[in-house]
$ cat query-v2.txt   # compact mmCIF, C-alpha atoms
# COMPACT_ATOMS: atom_id res chain seq x y z
CA ASN A 1 -13.82 -24.71 7.29
CA CYS A 2 -16.03 -22.10 8.98
CA CYS A 3 -19.23 -23.87 7.92
CA SER A 4 -18.17 -27.24 9.33
CA MET A 5 -17.07 -25.61 12.60
CA ARG A 6 -20.35 -23.77 13.01
CA SER A 7 -22.35 -26.93 12.28
CA ARG A 8 -21.07 -28.73 15.38
CA GLN A 9 -23.43 -28.61 18.33
CA PRO A 10 -21.76 -27.33 21.52
CA TYR A 11 -21.60 -29.61 24.56
CA VAL A 12 -23.98 -28.29 27.23
CA TYR A 13 -23.21 -28.76 30.93
CA PRO A 14 -24.30 -27.01 34.13
CA SER A 15 -22.37 -23.93 35.20
CA THR A 16 -22.90 -20.39 36.41
CA HIS A 17 -21.90 -18.87 33.07
CA SER A 18 -24.58 -17.15 31.08
CA ALA A 19 -26.15 -19.05 28.19
CA LYS A 20 -25.66 -15.92 26.07
CA ILE A 21 -21.89 -16.14 26.58
CA ASP A 22 -21.93 -19.84 25.73
CA PHE A 23 -23.75 -19.06 22.49
CA LEU A 24 -21.24 -16.36 21.50
CA LEU A 25 -18.26 -18.61 22.23
CA ALA A 26 -19.73 -21.70 20.54
CA GLY A 27 -17.60 -21.22 17.42
CA LEU A 28 -14.38 -21.59 19.45
CA GLN A 29 -15.31 -24.89 21.08
CA VAL A 30 -13.83 -26.95 18.24
CA PHE A 31 -10.33 -25.97 19.40
CA PHE A 32 -10.67 -27.49 22.88
CA THR A 33 -11.46 -30.76 24.57
CA ILE A 34 -14.23 -30.69 27.19
CA PRO A 35 -11.88 -30.21 30.21
CA GLN A 36 -9.92 -27.53 28.30
CA TRP A 37 -13.18 -25.84 27.36
CA VAL A 38 -14.26 -25.69 31.03
CA HIS A 39 -10.97 -24.07 32.03
CA PHE A 40 -11.08 -21.68 29.07
CA ARG A 41 -14.60 -20.47 29.88
CA THR A 42 -13.90 -20.18 33.59
CA MET A 43 -10.74 -18.12 33.14
CA LEU A 44 -12.25 -15.99 30.37
CA VAL A 45 -15.44 -15.03 32.20
CA SER A 46 -13.59 -14.51 35.48
CA LEU A 47 -11.42 -11.96 33.65
CA LEU A 48 -14.57 -10.07 32.69
CA ILE A 49 -16.00 -10.19 36.23
CA THR A 50 -12.87 -9.68 38.33
CA PRO A 51 -10.12 -8.54 35.92
CA PHE A 52 -7.69 -7.51 38.66
CA LYS A 53 -7.62 -10.83 40.49
CA ALA A 54 -3.93 -11.34 39.88
CA THR A 55 -3.66 -14.98 40.95
CA VAL A 56 -5.05 -18.07 39.25
CA ARG A 57 -6.66 -19.19 42.50
CA GLY A 58 -8.58 -15.93 42.80
CA ARG A 59 -9.86 -16.14 39.25
CA ALA A 60 -10.81 -19.80 39.58
CA ARG A 61 -12.92 -18.99 42.63
CA ALA A 62 -14.69 -16.13 40.87
CA LEU A 63 -16.96 -18.66 39.17
CA ALA A 64 -18.34 -21.98 40.30
CA SER A 65 -18.44 -24.84 37.81
CA GLY A 66 -19.83 -28.31 37.51
CA PHE A 67 -16.25 -29.58 37.15
CA SER A 68 -13.14 -29.17 39.29
CA THR A 69 -11.77 -25.63 39.43
CA HIS A 70 -8.60 -26.32 41.40
CA ARG A 71 -5.87 -23.80 40.74
CA THR A 72 -3.32 -26.45 39.71
CA LYS A 73 -5.53 -27.52 36.81
CA HIS A 74 -5.90 -23.94 35.67
CA ASN A 75 -2.13 -23.43 35.96
CA GLU A 76 -1.56 -26.47 33.78
CA PHE A 77 -4.06 -25.13 31.25
CA LEU A 78 -2.28 -21.75 31.07
CA GLN A 79 1.17 -23.30 30.79
CA LEU A 80 0.42 -25.97 28.20
CA HIS A 81 -2.08 -24.38 25.81
CA GLU A 82 -0.84 -20.89 24.94
CA ALA A 83 -0.55 -21.91 21.25
CA LEU A 84 -4.12 -23.21 21.29
CA LEU A 85 -5.39 -19.95 22.78
CA GLY A 86 -3.55 -18.00 20.07
CA LYS A 87 -5.26 -20.02 17.32
CA ALA A 88 -8.67 -19.51 18.93
CA LEU A 89 -8.08 -15.74 19.18
CA LYS A 90 -7.16 -15.46 15.50
CA PHE A 91 -10.18 -17.54 14.48
CA TYR A 92 -12.44 -15.33 16.62
CA ALA A 93 -11.10 -12.26 14.80
CA VAL A 94 -11.95 -13.82 11.44
CA LEU A 95 -15.50 -14.57 12.65
CA LEU A 96 -16.01 -10.96 13.77
CA VAL A 97 -14.78 -9.60 10.43
CA ALA A 98 -17.24 -11.93 8.68
CA LEU A 99 -20.02 -10.69 10.98
CA LEU A 100 -19.23 -7.07 10.08
CA TYR A 101 -18.59 -7.70 6.38
CA LYS A 102 -19.67 -4.96 4.00
CA ALA A 103 -18.70 -4.77 0.34
CA GLY A 104 -16.17 -2.04 -0.36
CA ALA A 105 -15.10 -1.49 3.26
CA ARG A 106 -11.36 -1.32 3.94
CA LEU A 107 -9.62 -3.50 6.50
CA HIS A 108 -6.82 -1.94 8.53
CA VAL A 109 -4.21 -4.16 10.22
CA ILE A 110 -2.48 -2.22 13.01
CA VAL A 111 0.88 -3.31 14.47
CA ASP A 112 2.37 -1.93 17.69
CA ASP A 113 4.11 -2.98 20.89
CA SER A 114 3.65 -2.10 24.55
CA ARG A 115 5.50 -2.51 27.84
CA THR A 116 4.60 -3.29 31.42
CA ALA A 117 6.61 -3.12 34.64
CA LYS A 118 7.00 -6.16 36.90
CA THR A 119 8.35 -6.44 40.44
CA GLY A 120 9.34 -10.12 40.44
CA LYS A 121 13.02 -10.66 39.62
CA HIS A 122 12.50 -14.32 38.69
CA VAL A 123 9.72 -13.72 36.15
CA GLN A 124 10.62 -15.40 32.89
CA ALA A 125 11.12 -13.26 29.74
CA ALA A 126 11.45 -10.09 31.85
CA PHE A 127 14.39 -7.74 31.25
CA HIS A 128 15.51 -4.13 31.68
CA LEU A 129 13.83 -2.03 28.99
CA PHE A 130 13.36 1.65 28.24
CA ASP A 131 9.86 3.05 28.60
CA HIS A 132 9.32 5.95 26.20
CA ALA A 133 6.25 7.17 28.10
CA THR A 134 8.04 7.69 31.43
CA LYS A 135 11.53 8.24 29.90
CA ARG A 136 13.17 5.76 32.26
CA PHE A 137 14.35 2.16 32.40
CA LEU A 138 12.18 -0.46 34.06
CA TRP A 139 12.11 -4.20 34.70
CA GLY A 140 9.25 -5.89 32.93
CA HIS A 141 7.80 -7.40 29.78
CA GLN A 142 7.43 -6.18 26.22
CA PHE A 143 4.83 -7.62 23.88
CA LEU A 144 3.78 -7.10 20.28
CA ALA A 145 0.11 -6.90 19.33
CA ILE A 146 -1.82 -6.86 16.08
CA CYS A 147 -5.42 -5.69 15.87
CA LEU A 148 -7.87 -5.23 13.03
CA GLU A 149 -9.91 -2.09 12.43
CA TYR A 150 -12.94 -2.74 10.26
CA ARG A 151 -15.84 -0.31 9.83
CA GLY A 152 -14.76 1.54 12.97
CA VAL A 153 -14.64 -1.60 15.16
CA VAL A 154 -11.32 -2.64 16.73
CA ILE A 155 -10.81 -6.43 16.80
CA PRO A 156 -7.81 -8.01 18.58
CA TYR A 157 -6.00 -10.50 16.35
CA ALA A 158 -2.75 -11.63 18.00
CA ILE A 159 -0.39 -10.82 20.86
CA GLU A 160 3.16 -12.18 21.30
CA LEU A 161 5.61 -11.86 24.19
CA TYR A 162 9.11 -10.65 23.27
CA ARG A 163 12.18 -12.41 24.65
CA GLN A 164 15.64 -10.88 24.83
CA LYS A 165 18.49 -12.46 22.87
CA ALA A 166 20.41 -13.53 25.99
CA ASP A 167 17.31 -15.25 27.37
CA CYS A 168 16.75 -17.10 24.08
CA LEU A 169 20.36 -18.32 24.04
CA LYS A 170 20.03 -19.51 27.62
CA ARG A 171 16.85 -21.47 26.86
CA ARG A 172 18.08 -22.61 23.43
CA VAL A 173 15.15 -21.17 21.50
CA PRO A 174 15.37 -19.11 18.29
CA PHE A 175 15.65 -15.37 18.82
CA ARG A 176 13.36 -13.04 16.89
CA LYS A 177 13.39 -9.27 16.87
CA ILE A 178 10.08 -7.48 17.23
CA PRO A 179 9.85 -6.61 13.49
CA GLN A 180 10.51 -10.30 12.72
CA ILE A 181 7.65 -11.33 15.01
CA ALA A 182 5.39 -8.85 13.21
CA GLU A 183 6.56 -10.17 9.84
CA ASP A 184 5.76 -13.78 10.80
CA LEU A 185 2.28 -12.84 12.03
CA LEU A 186 1.50 -10.81 8.91
CA THR A 187 2.78 -13.54 6.59
CA SER A 188 0.55 -16.16 8.24
CA MET A 189 -2.60 -14.04 8.05
CA PRO A 190 -5.60 -15.72 6.36
CA ASP A 191 -7.69 -14.29 3.56
CA PHE A 192 -10.33 -12.09 5.19
CA GLY A 193 -12.33 -11.77 1.99
CA VAL A 194 -11.70 -8.01 1.91
CA LYS A 195 -10.39 -6.41 -1.25
CA GLU A 196 -8.39 -3.53 0.27
CA VAL A 197 -6.15 -4.24 3.28
CA PHE A 198 -3.81 -1.62 4.75
CA VAL A 199 -1.11 -2.34 7.33
CA LEU A 200 -0.50 0.57 9.73
CA ALA A 201 2.53 0.95 11.99
CA ASP A 202 4.95 3.52 13.33
CA CYS A 203 8.40 4.25 11.90
CA TYR A 204 10.05 1.39 13.83
CA TYR A 205 8.34 -1.14 11.56
CA ALA A 206 9.00 0.69 8.26
CA SER A 207 11.77 -1.76 7.31
CA LYS A 208 12.61 -3.35 3.97
CA LYS A 209 11.70 -6.91 5.04
CA LEU A 210 8.40 -6.00 6.68
CA ILE A 211 7.24 -3.85 3.78
CA GLY A 212 8.27 -6.64 1.40
CA ALA A 213 6.19 -9.14 3.39
CA VAL A 214 3.21 -6.78 3.28
CA ARG A 215 3.50 -6.38 -0.48
CA ALA A 216 3.85 -10.14 -0.95
CA LYS A 217 0.46 -10.58 0.76
CA GLY A 218 -1.12 -8.06 -1.62
CA TYR A 219 -1.57 -5.50 1.18
CA GLN A 220 -0.58 -1.84 1.29
CA PHE A 221 1.61 -0.21 3.96
CA VAL A 222 1.08 3.18 5.61
CA SER A 223 3.56 4.61 8.10
CA PHE A 224 6.00 7.49 8.56
CA PHE A 225 9.77 7.94 8.30
CA ARG A 226 12.19 9.15 10.94
CA ALA A 227 14.09 12.39 10.39
CA ASN A 228 17.36 10.56 9.64
CA ARG A 229 15.89 8.24 7.00
CA LYS A 230 17.73 8.59 3.68
CA LEU A 231 15.83 9.26 0.47
CA CYS A 232 16.28 10.67 -3.01
CA GLN A 233 13.91 12.93 -4.96
CA VAL A 234 12.61 11.45 -8.21
CA SER A 235 12.33 14.71 -10.15
CA GLY A 236 15.12 17.28 -10.44
CA PRO A 237 18.79 16.60 -9.74
CA GLY A 238 17.92 13.59 -7.59
CA ARG A 239 20.46 14.34 -4.88
CA PRO A 240 20.33 12.15 -1.76
CA THR A 241 19.03 13.79 1.40
CA THR A 242 17.28 12.93 4.65
CA VAL A 243 13.67 13.29 5.73
CA GLY A 244 14.52 16.06 8.19
CA ARG A 245 16.41 18.20 5.65
CA ALA A 246 13.75 17.60 2.97
CA ALA A 247 10.95 18.68 5.32
CA LYS A 248 12.80 21.85 6.32
CA ARG A 249 13.52 22.78 2.70
CA LEU A 250 10.00 22.05 1.40
CA PHE A 251 8.21 23.99 4.14
CA ALA A 252 10.50 26.96 3.46
CA THR A 253 10.16 27.01 -0.34
CA ARG A 254 6.97 25.22 -1.39
CA ARG A 255 3.38 26.30 -1.10
CA LYS A 256 1.44 24.29 1.49
CA ARG A 257 -2.01 22.81 1.04
CA TRP A 258 -4.44 22.73 3.95
CA VAL A 259 -6.17 19.38 4.49
CA THR A 260 -8.95 18.68 7.01
CA VAL A 261 -8.95 15.20 8.55
CA GLY A 262 -11.58 14.68 11.22
CA LYS A 263 -11.36 17.66 13.58
CA GLY A 264 -7.76 18.51 12.70
CA ARG A 265 -6.30 20.74 9.99
CA PHE A 266 -2.92 19.93 8.48
CA ALA A 267 -0.54 21.89 6.28
CA ALA A 268 0.63 19.27 3.78
CA ILE A 269 3.16 19.04 0.97
CA ARG A 270 3.14 15.94 -1.23
CA THR A 271 6.05 14.79 -3.37
CA LEU A 272 7.56 11.58 -4.75
CA TYR A 273 10.79 10.18 -3.30
CA ARG A 274 12.88 7.07 -3.90
CA VAL A 275 13.60 5.37 -0.57
CA PRO A 276 16.26 2.60 -0.35
CA GLY A 277 14.59 -0.74 0.29
CA VAL A 278 11.10 0.68 -0.29
CA GLY A 279 11.12 2.12 -3.80
CA VAL A 280 9.32 5.19 -5.13
CA VAL A 281 6.54 6.21 -2.75
CA PRO A 282 4.51 9.41 -2.20
CA ILE A 283 5.52 11.18 1.01
CA ILE A 284 3.23 13.72 2.66
CA PHE A 285 5.08 16.18 4.87
CA SER A 286 2.34 17.34 7.24
CA ARG A 287 2.21 19.76 10.15
CA LYS A 288 -0.84 19.99 12.36
CA LYS A 289 -2.22 23.46 12.92
CA GLY A 290 -0.79 24.95 16.10
CA ARG A 291 2.24 22.62 16.24
CA LYS A 292 5.83 22.85 15.08
CA GLY A 293 6.73 19.24 14.29
CA VAL A 294 6.54 17.86 10.75
CA LEU A 295 5.53 14.23 10.11
CA ALA A 296 6.60 12.43 6.92
CA VAL A 297 3.71 10.03 6.23
CA PHE A 298 4.00 7.68 3.26
CA SER A 299 2.00 4.94 1.56
CA THR A 300 2.92 2.14 -0.84
CA ASP A 301 -0.34 2.85 -2.70
CA PRO A 302 0.28 5.90 -4.94
CA SER A 303 -3.39 6.06 -6.01
CA LEU A 304 -4.49 7.38 -2.61
CA SER A 305 -5.08 11.07 -2.19
CA THR A 306 -3.30 13.18 0.43
CA ARG A 307 -6.37 13.30 2.64
CA GLU A 308 -6.89 9.51 2.37
CA ILE A 309 -3.31 8.75 3.42
CA LEU A 310 -3.52 11.06 6.45
CA ALA A 311 -6.95 9.70 7.40
CA ILE A 312 -5.75 6.08 7.16
CA TYR A 313 -2.66 6.79 9.24
CA ARG A 314 -4.79 8.37 11.99
CA ILE A 315 -6.55 5.01 12.44
CA ARG A 316 -3.26 3.67 13.87
CA TRP A 317 -4.20 5.33 17.17
CA SER A 318 -6.93 2.68 17.61
CA ILE A 319 -4.43 0.17 18.95
CA GLU A 320 -3.31 2.63 21.64
CA VAL A 321 -6.95 2.89 22.75
CA LEU A 322 -7.14 -0.92 22.75
CA PHE A 323 -4.09 -1.13 25.03
CA LYS A 324 -5.50 1.46 27.41
CA GLN A 325 -8.94 -0.15 27.68
CA ALA A 326 -7.50 -3.65 28.04
CA LYS A 327 -5.20 -2.48 30.84
CA GLN A 328 -7.84 -0.34 32.54
CA HIS A 329 -10.87 -2.65 32.37
CA LEU A 330 -9.65 -6.18 31.55
CA GLY A 331 -6.44 -6.49 33.55
CA LEU A 332 -4.06 -6.88 30.61
CA VAL A 333 -0.97 -6.39 32.79
CA ALA A 334 -2.50 -7.57 36.09
CA TYR A 335 -0.90 -11.00 36.22
CA HIS A 336 1.41 -12.71 38.73
CA HIS A 337 2.73 -15.55 36.57
CA ARG A 338 6.34 -16.62 36.73
CA ASP A 339 6.13 -18.96 33.73
CA GLU A 340 6.29 -17.10 30.41
CA ARG A 341 3.86 -19.58 28.82
CA ALA A 342 1.24 -18.63 31.41
CA VAL A 343 1.93 -14.95 30.69
CA ARG A 344 1.27 -15.52 26.98
CA SER A 345 -1.94 -17.37 27.79
CA HIS A 346 -3.10 -14.51 30.02
CA LEU A 347 -2.44 -11.91 27.32
CA GLN A 348 -4.36 -13.97 24.76
CA LEU A 349 -7.26 -14.52 27.17
CA VAL A 350 -7.54 -10.76 27.75
CA PHE A 351 -7.65 -10.10 24.01
CA THR A 352 -10.26 -12.87 23.64
CA ALA A 353 -12.31 -11.22 26.40
CA TYR A 354 -12.18 -7.93 24.49
CA ALA A 355 -13.33 -9.71 21.32
CA LEU A 356 -16.16 -11.33 23.30
CA LEU A 357 -17.39 -7.93 24.49
CA THR A 358 -17.33 -6.69 20.89
CA HIS A 359 -19.25 -9.77 19.74
CA LEU A 360 -21.84 -9.26 22.49
CA PHE A 361 -22.38 -5.63 21.48
CA LEU A 362 -22.79 -6.53 17.80
CA SER A 363 -25.18 -9.41 18.48
CA GLU A 364 -27.40 -7.25 20.71
CA GLN A 365 -27.60 -4.51 18.11
CA ARG A 366 -28.52 -7.06 15.44
CA ALA A 367 -31.11 -8.67 17.76
CA GLN A 368 -32.78 -5.28 18.20
CA GLY A 369 -33.02 -4.86 14.43
CA ARG A 370 -30.56 -1.96 14.24
CA ARG A 371 -28.36 -1.33 11.25
CA LEU A 372 -24.64 -1.34 11.98
CA THR A 373 -24.02 2.25 10.98
CA LYS A 374 -20.81 4.17 11.65
CA LYS A 375 -22.45 6.16 14.44
CA LEU A 376 -23.83 3.04 16.13
CA LEU A 377 -20.52 1.17 15.96
CA ALA A 378 -18.74 4.17 17.47
CA SER A 379 -21.01 3.93 20.54
CA PHE A 380 -19.38 0.66 21.67
CA SER A 381 -18.12 0.91 25.25
CA VAL A 382 -15.96 -1.74 26.93
CA ARG A 383 -17.05 -0.61 30.39
CA ASP A 384 -20.79 -0.70 29.65
CA THR A 385 -20.65 -4.05 27.86
CA GLN A 386 -18.55 -5.49 30.67
CA GLY A 387 -21.27 -4.40 33.10
CA GLN A 388 -23.83 -6.29 31.01
CA VAL A 389 -21.73 -9.45 31.22
CA ARG A 390 -21.50 -9.15 35.01
CA GLN A 391 -25.26 -8.72 35.25
CA MET A 392 -25.93 -11.71 32.98
CA VAL A 393 -23.63 -13.97 34.98
CA ALA A 394 -25.11 -12.81 38.30
CA LEU A 395 -28.70 -13.37 37.16
CA ASP A 396 -27.77 -16.78 35.80
CA THR A 397 -26.23 -17.63 39.17
CA PHE A 398 -29.45 -16.72 40.98
CA ASP A 399 -31.48 -18.90 38.61
CA LEU A 400 -29.08 -21.79 39.20
CA LEU A 401 -29.36 -21.41 42.99
CA LYS A 402 -33.14 -21.38 42.78
CA GLU A 403 -33.20 -24.45 40.53
CA HIS A 404 -30.70 -26.73 42.28
CA HIS A 405 -30.82 -25.67 45.95
CA HIS A 406 -34.33 -26.48 47.12
CA ASN A 407 -33.55 -25.70 50.75
CA VAL A 408 -32.94 -22.04 49.88
CA ASP A 409 -35.95 -19.77 50.25
CA GLY A 410 -37.05 -18.73 46.77
CA ARG A 411 -38.24 -15.35 48.01
CA VAL A 412 -34.72 -14.48 49.20
CA ILE A 413 -33.29 -15.30 45.77
CA GLN A 414 -36.01 -13.25 44.06
CA ASP A 415 -35.39 -10.27 46.36
CA LEU A 416 -31.65 -10.37 45.66
CA LYS A 417 -32.37 -10.58 41.94
CA SER A 418 -34.75 -7.60 42.10
CA HIS A 419 -32.22 -5.50 44.03
CA LEU A 420 -29.52 -6.33 41.49
CA LEU A 421 -31.75 -5.28 38.59
CA ALA A 422 -32.69 -2.07 40.42
CA ALA A 423 -29.03 -1.25 40.98
$ encode --input "query-v2.txt" --output "structure tokens"
Amino acid sequence: NCCSMRSRQPYVYPSTHSAKIDFLLAGLQVFFTIPQWVHFRTMLVSLLITPFKATVRGRARALASGFSTHRTKHNEFLQLHEALLGKALKFYAVLLVALLYKAGARLHVIVDDSRTAKTGKHVQAAFHLFDHATKRFLWGHQFLAICLEYRGVVIPYAIELYRQKADCLKRRVPFRKIPQIAEDLLTSMPDFGVKEVFVLADCYYASKKLIGAVRAKGYQFVSFFRANRKLCQVSGPGRPTTVGRAAKRLFATRRKRWVTVGKGRFAAIRTLYRVPGVGVVPIIFSRKKGRKGVLAVFSTDPSLSTREILAIYRIRWSIEVLFKQAKQHLGLVAYHHRDERAVRSHLQLVFTAYALLTHLFLSEQRAQGRRLTKKLLASFSVRDTQGQVRQMVALDTFDLLKEHHHNVDGRVIQDLKSHLLAA
């Protein structure tokens, strides 16, 4: 129904948001009523301007609007419409893939989770969890995210908050483990119109059910196995072993092949193994030059070469960059919401803001007549594009002051505008 959604004319009303932003977000307006749309735009653009305003009141005051911007209305919007924001985010991702479409290009679906510490003891869905980065336990939230990587562009697709089993029993809601949440999101994915789709994840998601769900969608799975994962060699005696013992034996007895992927060189050994719950898959035991650890990367697509499998798996790092940029520039974890529904809405708004910056960059490059080459797409910067949004909103505010406030001296407005452009 993309054509029918695009054909609707957006409702135009006075505000201090840039007309360029309204044009980019026009495809999402079909999901909201007019009051919901006002709150959505206000909260979204305020995230881009002042991402570290932790309270709803601070973000509501960041922008003036022709309608009421009282904090209670925005709180109600965040608490009642987290499912609506999730649908809009997924639809936005589909639109961006269609904008970037190129025949023969592969689509990579990346799955990963992240954690954030919180100080409030009464925050819903918070629990004691282990942070692998700091090697300590903390009180906070854990959330699962899925992003798309297409032609070098990272597109946020979905983000879900994880709830502990005890909390689910207390609130009488069904409990889902993190791999089950990922399985549900992957199963409900639409058809992107791309022939080759690869799902990338770390070893935590390399389970029988998740790989089965990926295969049922017609996708391929690329990940790696832990050292204690059991497997059996197809050729030879076929004795059962583990990934760790197989890697040690192969690197001691077999000749290694050097493979260059990007700027890194890897010593790789490829062989077929039968893995319980997965089947027969090619496993590449690789060791990066200058390091001691061996990584057992595998793919459910046996037609891929060794270099292709390693190159595809390296794309998984894109979601780590997405997390870092969203936390550093868009305030992904800068929220002070007690209600878990508001927390989900905030996470989805941040991902929508990231998608909006990507859309703005692509539309400007197309408007300038540039071809979306690999080098050009790699030049996308969240910080620079966020600065453009701030400038557009500020200039639009000056124009609105000059148009509607006749008692304000026009020369003062023009001087402020000139100083802003000079800065």
$ closest_residue --input "query-v2.txt" --among "A:Leu148, A:Leu84, A:Val259, A:Met392" --to "Leu48 in chain A" --atoms "all atoms listed in the file"
A:Met392
$ atom_distance --input "query-v2.txt" --atom1 "CA of Arg366 in chain A" --atom2 "CA of Phe23 in chain A"
14.7 Å
$ residues_around --input "query-v2.txt" --residues "Arg163 in chain A" --least-positions-apart "3" --cutoff "12 Å" --atoms "all atoms listed in the file" --output "VMD selection string"
chain A and resid 123 to 129 140 to 144 160 166 to 178 181 340 to 341 344
$ write_last_selection --input "query-v2.txt" --atoms "C-alpha atoms" --output "PDB file, in the frame of the given file"
ATOM      1  CA  VAL A 123       9.720 -13.720  36.150  1.00  0.00           C
ATOM      2  CA  GLN A 124      10.620 -15.400  32.890  1.00  0.00           C
ATOM      3  CA  ALA A 125      11.120 -13.260  29.740  1.00  0.00           C
ATOM      4  CA  ALA A 126      11.450 -10.090  31.850  1.00  0.00           C
ATOM      5  CA  PHE A 127      14.390  -7.740  31.250  1.00  0.00           C
ATOM      6  CA  HIS A 128      15.510  -4.130  31.680  1.00  0.00           C
ATOM      7  CA  LEU A 129      13.830  -2.030  28.990  1.00  0.00           C
ATOM      8  CA  GLY A 140       9.250  -5.890  32.930  1.00  0.00           C
ATOM      9  CA  HIS A 141       7.800  -7.400  29.780  1.00  0.00           C
ATOM     10  CA  GLN A 142       7.430  -6.180  26.220  1.00  0.00           C
ATOM     11  CA  PHE A 143       4.830  -7.620  23.880  1.00  0.00           C
ATOM     12  CA  LEU A 144       3.780  -7.100  20.280  1.00  0.00           C
ATOM     13  CA  GLU A 160       3.160 -12.180  21.300  1.00  0.00           C
ATOM     14  CA  ALA A 166      20.410 -13.530  25.990  1.00  0.00           C
ATOM     15  CA  ASP A 167      17.310 -15.250  27.370  1.00  0.00           C
ATOM     16  CA  CYS A 168      16.750 -17.100  24.080  1.00  0.00           C
ATOM     17  CA  LEU A 169      20.360 -18.320  24.040  1.00  0.00           C
ATOM     18  CA  LYS A 170      20.030 -19.510  27.620  1.00  0.00           C
ATOM     19  CA  ARG A 171      16.850 -21.470  26.860  1.00  0.00           C
ATOM     20  CA  ARG A 172      18.080 -22.610  23.430  1.00  0.00           C
ATOM     21  CA  VAL A 173      15.150 -21.170  21.500  1.00  0.00           C
ATOM     22  CA  PRO A 174      15.370 -19.110  18.290  1.00  0.00           C
ATOM     23  CA  PHE A 175      15.650 -15.370  18.820  1.00  0.00           C
ATOM     24  CA  ARG A 176      13.360 -13.040  16.890  1.00  0.00           C
ATOM     25  CA  LYS A 177      13.390  -9.270  16.870  1.00  0.00           C
ATOM     26  CA  ILE A 178      10.080  -7.480  17.230  1.00  0.00           C
ATOM     27  CA  ILE A 181       7.650 -11.330  15.010  1.00  0.00           C
ATOM     28  CA  GLU A 340       6.290 -17.100  30.410  1.00  0.00           C
ATOM     29  CA  ARG A 341       3.860 -19.580  28.820  1.00  0.00           C
ATOM     30  CA  ARG A 344       1.270 -15.520  26.980  1.00  0.00           C
TER      31      ARG A 344
END
$ residues_around --input "query-v2.txt" --residues "Arg151 in chain A" --least-positions-apart "3" --cutoff "12 Å" --atoms "only C-alpha atoms" --output "PyMOL selection string"
chain A and resi 96-108+148+154-155+194+315+372-378
$ closest_atom_pairs --input "query-v2.txt" --of "range 168-246 of chain A" --to "range 302-309 of chain A" --cutoff "12 Å" --atoms "only C-alpha atoms" --output "JSON lines"
{"residue": "A:Glu196", "atom": "CA", "partner": "A:Leu304", "partner_atom": "CA", "distance": 11.9}
{"residue": "A:Phe198", "atom": "CA", "partner": "A:Ile309", "partner_atom": "CA", "distance": 10.5}
{"residue": "A:Val199", "atom": "CA", "partner": "A:Ile309", "partner_atom": "CA", "distance": 12.0}
{"residue": "A:Leu200", "atom": "CA", "partner": "A:Ile309", "partner_atom": "CA", "distance": 10.7}
{"residue": "A:Gln220", "atom": "CA", "partner": "A:Pro302", "partner_atom": "CA", "distance": 10.0}
{"residue": "A:Phe221", "atom": "CA", "partner": "A:Ile309", "partner_atom": "CA", "distance": 10.2}
{"residue": "A:Val222", "atom": "CA", "partner": "A:Ile309", "partner_atom": "CA", "distance": 7.4}
{"residue": "A:Ser223", "atom": "CA", "partner": "A:Ile309", "partner_atom": "CA", "distance": 9.3}
{"residue": "A:Phe224", "atom": "CA", "partner": "A:Ile309", "partner_atom": "CA", "distance": 10.7}
$ axis_aligned_box --input "query-v2.txt" --around "range 137-147 of chain A" --padding-each-side "5 Å" --output "AutoDock Vina command-line options"
--center_x 4.5 --center_y -2.7 --center_z 25.3 --size_x 29.8 --size_y 19.8 --size_z 28.8
$ closest_residue --input "query-v2.txt" --among "A:Leu47, A:Val275, A:Ala206, A:Ile319" --to "Val109 in chain A" --atoms "all atoms listed in the file"
A:Ile319
$ atom_distance --input "query-v2.txt" --atom1 "CA of Val56 in chain A" --atom2 "CA of Thr33 in chain A"
20.4 Å
$ closest_residue --input "query-v2.txt" --among "A:Tyr204, A:Phe225, A:Phe266, A:Trp258" --to "Ile283 in chain A" --atoms "only C-alpha atoms"
A:Phe225
$ atom_distance --input "query-v2.txt" --atom1 "CA of Leu24 in chain A" --atom2 "CA of Asp184 in chain A"
29.2 Å
$ closest_residue --input "query-v2.txt" --among "A:Ala247, A:Met43, A:Leu138, A:Val153" --to "Ala227 in chain A" --atoms "only C-alpha atoms"
A:Ala247
$ closest_residue --input "query-v2.txt" --among "A:Gln368, A:Thr116, A:Ser207, A:Ser345" --to "Phe40 in chain A" --atoms "all atoms listed in the file"
A:Ser345
$ closest_residue --input "query-v2.txt" --among "A:His336, A:Tyr273, A:Phe380, A:Ala145" --to "Gly86 in chain A" --atoms "all atoms listed in the file"
A:Ala145
$ residues_around --input "query-v2.txt" --residues "Gln348 in chain A" --least-positions-apart "6" --cutoff "7 Å" --atoms "only C-alpha atoms" --output "VMD selection string"
chain A and resid 85 to 86 89 159
